[in-house]
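Okay, protein-v8.txt is below, compact mmCIF, C-alpha atoms:
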```txt
# COMPACT_ATOMS: atom_id res chain seq x y z
CA MET A 1 0.00 0.00 0.00
CA LEU A 2 2.71 2.51 0.99
CA VAL A 3 4.70 1.74 -2.14
CA LEU A 4 1.69 2.71 -4.26
CA GLU A 5 0.43 5.49 -1.97
CA PRO A 6 3.35 6.85 0.09
CA LYS A 7 1.16 9.53 1.67
CA ASN A 8 -1.72 7.25 2.64
CA VAL A 9 -2.07 8.31 6.26
CA SER A 10 -4.12 5.26 7.27
CA ALA A 11 -1.44 2.92 5.95
CA ILE A 12 1.37 4.91 7.56
CA PHE A 13 -0.35 4.96 10.94
CA GLY A 14 -1.35 1.30 10.62
CA LEU A 15 2.25 0.24 10.11
CA ALA A 16 3.40 2.52 12.94
CA ARG A 17 0.87 0.88 15.24
CA VAL A 18 1.87 -2.66 14.26
CA LEU A 19 5.58 -2.00 14.79
CA THR A 20 5.08 -0.22 18.11
CA LEU A 21 2.76 -2.89 19.52
CA GLN A 22 5.10 -5.66 18.38
CA ALA A 23 7.96 -4.02 20.26
CA PHE A 24 5.84 -3.23 23.32
CA ASN A 25 3.93 -6.52 23.65
CA PHE A 26 6.54 -8.98 22.40
CA GLY A 27 9.77 -7.23 23.28
CA ARG A 28 10.92 -10.10 25.51
CA GLN A 29 10.84 -12.41 22.50
CA LEU A 30 12.98 -10.08 20.36
CA THR A 31 16.64 -9.22 20.50
CA PRO A 32 17.33 -5.74 21.94
CA GLU A 33 18.35 -4.62 18.45
CA GLU A 34 15.11 -5.89 16.88
CA ARG A 35 13.03 -4.29 19.61
CA ASP A 36 14.80 -0.93 19.30
CA GLN A 37 14.47 -0.96 15.53
CA LYS A 38 10.73 -1.60 15.66
CA PHE A 39 10.25 1.15 18.23
CA SER A 40 12.35 3.58 16.19
CA GLU A 41 10.59 2.83 12.90
CA GLY A 42 7.20 2.93 14.59
CA ARG A 43 7.96 6.31 16.13
CA GLU A 44 9.13 7.82 12.83
CA LEU A 45 6.05 6.54 10.99
CA ASN A 46 3.75 7.77 13.76
CA LEU A 47 5.25 11.25 13.64
CA LYS A 48 4.87 11.23 9.86
CA SER A 49 1.22 10.19 10.13
CA LYS A 50 0.65 12.91 12.72
CA GLU A 51 2.00 15.54 10.34
CA LEU A 52 -0.42 14.37 7.66
CA ASP A 53 -3.35 14.00 10.08
CA PRO A 54 -2.88 16.09 13.26
CA ASN A 55 -6.40 15.19 14.40
CA ASN A 56 -5.83 11.44 14.82
CA PRO A 57 -6.21 10.85 18.58
CA ALA A 58 -4.70 7.36 18.40
CA SER A 59 -1.31 8.78 17.41
CA TYR A 60 -0.96 9.88 21.04
CA SER A 61 -1.41 6.30 22.22
CA LEU A 62 1.71 5.29 20.30
CA MET A 63 3.55 8.33 21.62
CA ALA A 64 2.64 7.21 25.14
CA LEU A 65 3.86 3.67 24.56
CA TYR A 66 7.14 4.92 23.16
CA ALA A 67 7.66 7.32 26.08
CA THR A 68 6.78 4.59 28.60
CA THR A 69 9.56 2.39 27.26
CA HIS A 70 12.12 5.15 26.79
CA ASP A 71 12.37 6.66 30.27
CA ASP A 72 9.96 9.53 29.76
CA TYR A 73 7.28 9.35 32.45
CA ALA A 74 6.26 12.97 31.95
CA GLY A 75 5.96 12.47 28.20
CA ALA A 76 3.93 9.29 28.63
CA ARG A 77 1.53 11.00 31.00
CA ARG A 78 1.19 14.04 28.76
CA ALA A 79 0.50 11.91 25.66
CA SER A 80 -1.99 9.72 27.55
CA GLU A 81 -3.91 12.69 28.90
CA THR A 82 -3.98 14.31 25.45
CA TRP A 83 -5.34 11.11 23.92
CA LEU A 84 -8.10 10.94 26.53
CA SER A 85 -9.02 14.60 26.04
CA LEU A 86 -9.41 14.00 22.30
CA GLU A 87 -11.21 10.67 22.59
CA PRO A 88 -13.18 10.66 25.87
CA LYS A 89 -15.34 7.70 24.87
CA ASN A 90 -12.43 5.32 24.33
CA PRO A 91 -12.10 3.01 27.37
CA VAL A 92 -8.46 2.16 26.64
CA ALA A 93 -7.48 5.84 26.76
CA TYR A 94 -8.69 5.88 30.37
CA ASN A 95 -6.50 2.87 31.05
CA TYR A 96 -3.42 4.70 29.76
CA VAL A 97 -4.07 7.66 32.05
CA ALA A 98 -4.81 5.35 34.98
CA ALA A 99 -1.45 3.64 34.48
CA MET A 100 0.22 7.02 34.92
CA LEU A 101 -1.89 7.93 37.93
CA VAL A 102 -1.00 4.83 39.94
CA GLN A 103 2.66 5.73 39.58
CA SER A 104 2.05 9.19 41.01
CA GLY A 105 0.20 7.85 44.05
CA GLU A 106 -3.25 8.61 42.66
CA SER A 107 -4.60 5.05 42.64
CA LYS A 108 -8.04 6.09 43.91
CA ARG A 109 -8.43 8.51 41.00
CA ALA A 110 -7.23 5.76 38.67
CA ILE A 111 -9.94 3.45 40.00
CA GLU A 112 -12.56 6.14 39.36
CA LEU A 113 -11.42 6.55 35.75
CA LEU A 114 -11.32 2.80 35.14
CA THR A 115 -14.79 2.37 36.64
CA TYR A 116 -16.10 4.96 34.22
CA ALA A 117 -14.20 3.32 31.35
CA MET A 118 -16.00 0.04 32.04
CA SER A 119 -19.35 1.80 32.07
CA LEU A 120 -18.73 2.79 28.44
CA ASP A 121 -18.97 -0.89 27.47
CA SER A 122 -20.29 -2.70 30.52
CA LYS A 123 -21.16 -5.92 28.68
CA HIS A 124 -17.73 -6.35 27.10
CA PRO A 125 -15.16 -4.33 29.06
CA SER A 126 -11.71 -4.15 27.53
CA GLU A 127 -9.30 -6.73 28.91
CA LEU A 128 -6.74 -3.92 29.21
CA VAL A 129 -9.12 -1.92 31.40
CA LEU A 130 -9.69 -5.02 33.56
CA LEU A 131 -5.93 -5.42 33.91
CA GLY A 132 -5.61 -1.73 34.72
CA MET A 133 -8.18 -2.14 37.50
CA THR A 134 -6.24 -5.13 38.84
CA ARG A 135 -3.09 -3.04 39.00
CA ALA A 136 -4.81 -0.04 40.56
CA ARG A 137 -6.51 -2.17 43.22
CA PHE A 138 -3.22 -3.85 44.06
CA ILE A 139 -1.29 -0.61 44.41
CA ASN A 140 -4.17 0.77 46.47
CA GLY A 141 -3.60 -2.11 48.91
CA ASP A 142 -6.90 -3.94 48.34
CA ILE A 143 -5.73 -7.55 48.08
CA ASP A 144 -9.16 -9.21 47.91
CA ALA A 145 -10.18 -6.88 45.06
CA THR A 146 -6.87 -7.62 43.33
CA ILE A 147 -7.71 -11.33 43.30
CA GLU A 148 -11.22 -10.64 42.00
CA TRP A 149 -10.06 -8.37 39.17
CA ALA A 150 -7.12 -10.56 38.20
CA GLN A 151 -9.48 -13.50 37.83
CA ARG A 152 -11.87 -11.41 35.75
CA THR A 153 -9.00 -10.34 33.54
CA LEU A 154 -7.88 -13.92 32.99
CA GLU A 155 -11.43 -14.91 32.12
CA ALA A 156 -11.26 -12.30 29.37
CA ASN A 157 -7.78 -13.30 28.16
CA ARG A 158 -5.79 -16.25 29.51
CA LEU A 159 -2.60 -14.94 27.88
CA LEU A 160 -2.23 -11.70 29.86
CA THR A 161 0.83 -12.59 31.91
CA ASP A 162 0.62 -9.55 34.19
CA SER A 163 -2.70 -10.86 35.52
CA TYR A 164 -1.12 -14.12 36.66
CA ALA A 165 1.63 -12.17 38.39
CA TYR A 166 -0.74 -9.93 40.32
CA LEU A 167 -2.92 -12.91 41.22
CA ALA A 168 0.05 -14.90 42.51
CA ILE A 169 1.31 -11.96 44.56
CA ALA A 170 -2.13 -11.34 46.04
CA TYR A 171 -2.47 -14.97 47.11
CA ALA A 172 0.99 -14.85 48.67
CA LEU A 173 0.09 -11.74 50.65
CA LYS A 174 -3.06 -13.52 51.84
CA GLY A 175 -0.84 -16.33 53.14
CA ASN A 176 -2.02 -18.86 50.56
CA ASP A 177 1.40 -19.88 49.28
CA ALA A 178 0.14 -23.09 47.68
CA LYS A 179 -2.33 -21.16 45.53
CA ALA A 180 0.29 -18.55 44.69
CA HIS A 181 2.72 -21.21 43.46
CA GLU A 182 -0.05 -22.85 41.44
CA VAL A 183 -0.70 -19.56 39.65
CA VAL A 184 3.03 -19.11 39.03
CA GLU A 185 3.13 -22.51 37.35
CA ASP A 186 0.24 -21.43 35.12
CA LEU A 187 2.21 -18.30 34.29
CA ARG A 188 5.30 -20.32 33.39
CA ARG A 189 3.25 -22.37 30.94
CA VAL A 190 1.92 -19.22 29.29
CA ASP A 191 5.26 -17.37 29.24
CA PRO A 192 8.35 -19.43 30.13
CA ASN A 193 10.51 -16.29 29.85
CA PHE A 194 8.55 -14.10 32.28
CA LYS A 195 10.65 -12.15 34.81
CA LEU A 196 9.12 -10.25 37.72
CA THR A 197 11.16 -7.12 37.05
CA GLN A 198 9.42 -6.78 33.68
CA LEU A 199 6.07 -6.12 35.34
CA ARG A 200 5.66 -2.35 35.26
CA LYS A 201 9.23 -1.82 36.36
CA PRO A 202 9.60 1.88 37.21
CA LEU A 203 11.46 4.14 34.82
CA PRO A 204 14.33 6.21 36.19
CA SER A 205 12.02 9.18 35.53
CA SER A 206 9.07 7.62 37.41
CA PRO A 207 7.95 9.35 40.64
CA ALA A 208 10.24 8.54 43.58
CA ALA A 209 7.40 7.15 45.70
CA TYR A 210 6.50 4.61 43.01
CA LYS A 211 10.10 3.44 42.73
CA GLU A 212 10.23 3.04 46.52
CA TRP A 213 6.95 1.08 46.49
CA PHE A 214 8.31 -1.20 43.77
CA GLU A 215 11.48 -1.98 45.72
CA MET A 216 10.01 -2.17 49.23
CA THR A 217 6.56 -3.67 48.61
CA TYR A 218 6.20 -5.19 45.17
CA LEU A 219 9.50 -7.05 44.82
CA PRO A 220 9.40 -8.72 48.28
CA ALA A 221 5.79 -9.82 47.68
CA ALA A 222 6.65 -11.10 44.20
CA ARG A 223 9.55 -13.11 45.57
CA LYS A 224 7.31 -14.52 48.28
CA ALA A 225 4.92 -15.65 45.56
CA GLY A 226 7.76 -17.45 43.78
CA LEU A 227 7.79 -15.36 40.62
CA PRO A 228 10.98 -15.93 38.61
CA GLU A 229 13.69 -13.33 38.89
```

Written as structure tokens, that's how I'd like the structure from this file.
Amino acid sequence: MLVLEPKNVSAIFGLARVLTLQAFNFGRQLTPEERDQKFSEGRELNLKSKELDPNNPASYSLMALYATTHDDYAGARRASETWLSLEPKNPVAYNYVAAMLVQSGESKRAIELLTYAMSLDSKHPSELVLLGMTRARFINGDIDATIEWAQRTLEANRLLTDSYAYLAIAYALKGNDAKAHEVVEDLRRVDPNFKLTQLRKPLPSSPAAYKEWFEMTYLPAARKAGLPE
């Protein structure tokens, strides 16, 4: 398509989206060079599509993903909030903003946004919004709710590895080590290469309180659950 129509904005953005999501979702299965190349090409194509169509809200979602993986917390939050302001009926945009809020200690606000996001499609809530709620509940310290939302997320998509991790950690914190280890074994079958430090590991530019929470609360609980280092 791009060979025939080099200024086809839909094709440019579509390729940018594919490359960025490949790097973001499957980065652990790529070499660092392959991952960086996909991110770089995706970013260049996204910027090109944005020049041709400045009113495409979804371009900000790719900007947020790139910033999230390239040590730019402020940029990721700015892009996420811009996306939501331009597309306030998109549930996933709420999830992006919520992911930024939990890092800044605003987990209750994140829960409010995610609750509203689910009301936009109550019969078929996005699996990403369900995962976002799992994360927000966990960081808010509500372990029982973490278990409930992690299970709901896995019912929607059995391949979302983060859900297994949060579920295992929640069981471990409840003192149910046997159940935690059972969930970890399920996780290993889904993703043999999973490492606990890959689960929303803070960026150097992330808020200091979030980095402290990750080191002092998350990592010890994850190790207790038996998640692989």

* Could you check how far atom CA of Gly132 of chain A sits from atom CA of Ile12 of chain A, in Å to one decimal? =>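 Separating atom CA of Gly132 of chain A from atom CA of Ile12 of chain A is a distance of 28.8 Å.
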
* Asked: atom CA of Ser59 of chain A and atom CA of Thr20 of chain A, how far apart in Å?
  ->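 Going from atom CA of Thr20 of chain A over to atom CA of Ser59 of chain A, I get 11.1 Å.
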
* How many Å lie between atom CA of Glu41 of chain A and atom CA of Leu131 of chain A, rounded to one decimal? ->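 Straight-line distance from atom CA of Glu41 of chain A to atom CA of Leu131 of chain A works out to 28.0 Å.
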
* To do: Mind checking which residues fall within 7 Å of Ala76 of chain A, counting all atoms listed in the file, ignoring those fewer than 6 positions away in the same chain, and posting them as a PyMOL selection string?
  => chain A and resi 64-65+67-68

* To do: Mind listing whatever residues come within 12 Å of the point (9.1, 6.1, 20.4)? Use all atoms listed in the file, file coordinates, and give them as a PyMOL selection string.
  => chain A and resi 16-17+19-21+23-24+35-47+59-72+75-76+79

* Asked: In terms of the shortest atom-to-atom distance over only C-alpha atoms, which of A:Met216, A:Ala221, A:Val129, A:Pro192 is closest to Leu167 of chain A?
  -> A:Ala221

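Considering only C-alpha atoms, the residue among A:Phe138, A:Asn157, A:Glu33, A:Asp121 positioned nearest to Tyr218 of chain A is A:Phe138.
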
* To do: Find the residue from A:Arg109, A:Lys195, A:Lys89, A:His124 that sits nearest to Ala222 of chain A; use all atoms listed in the file when measuring.
  => A:Lys195
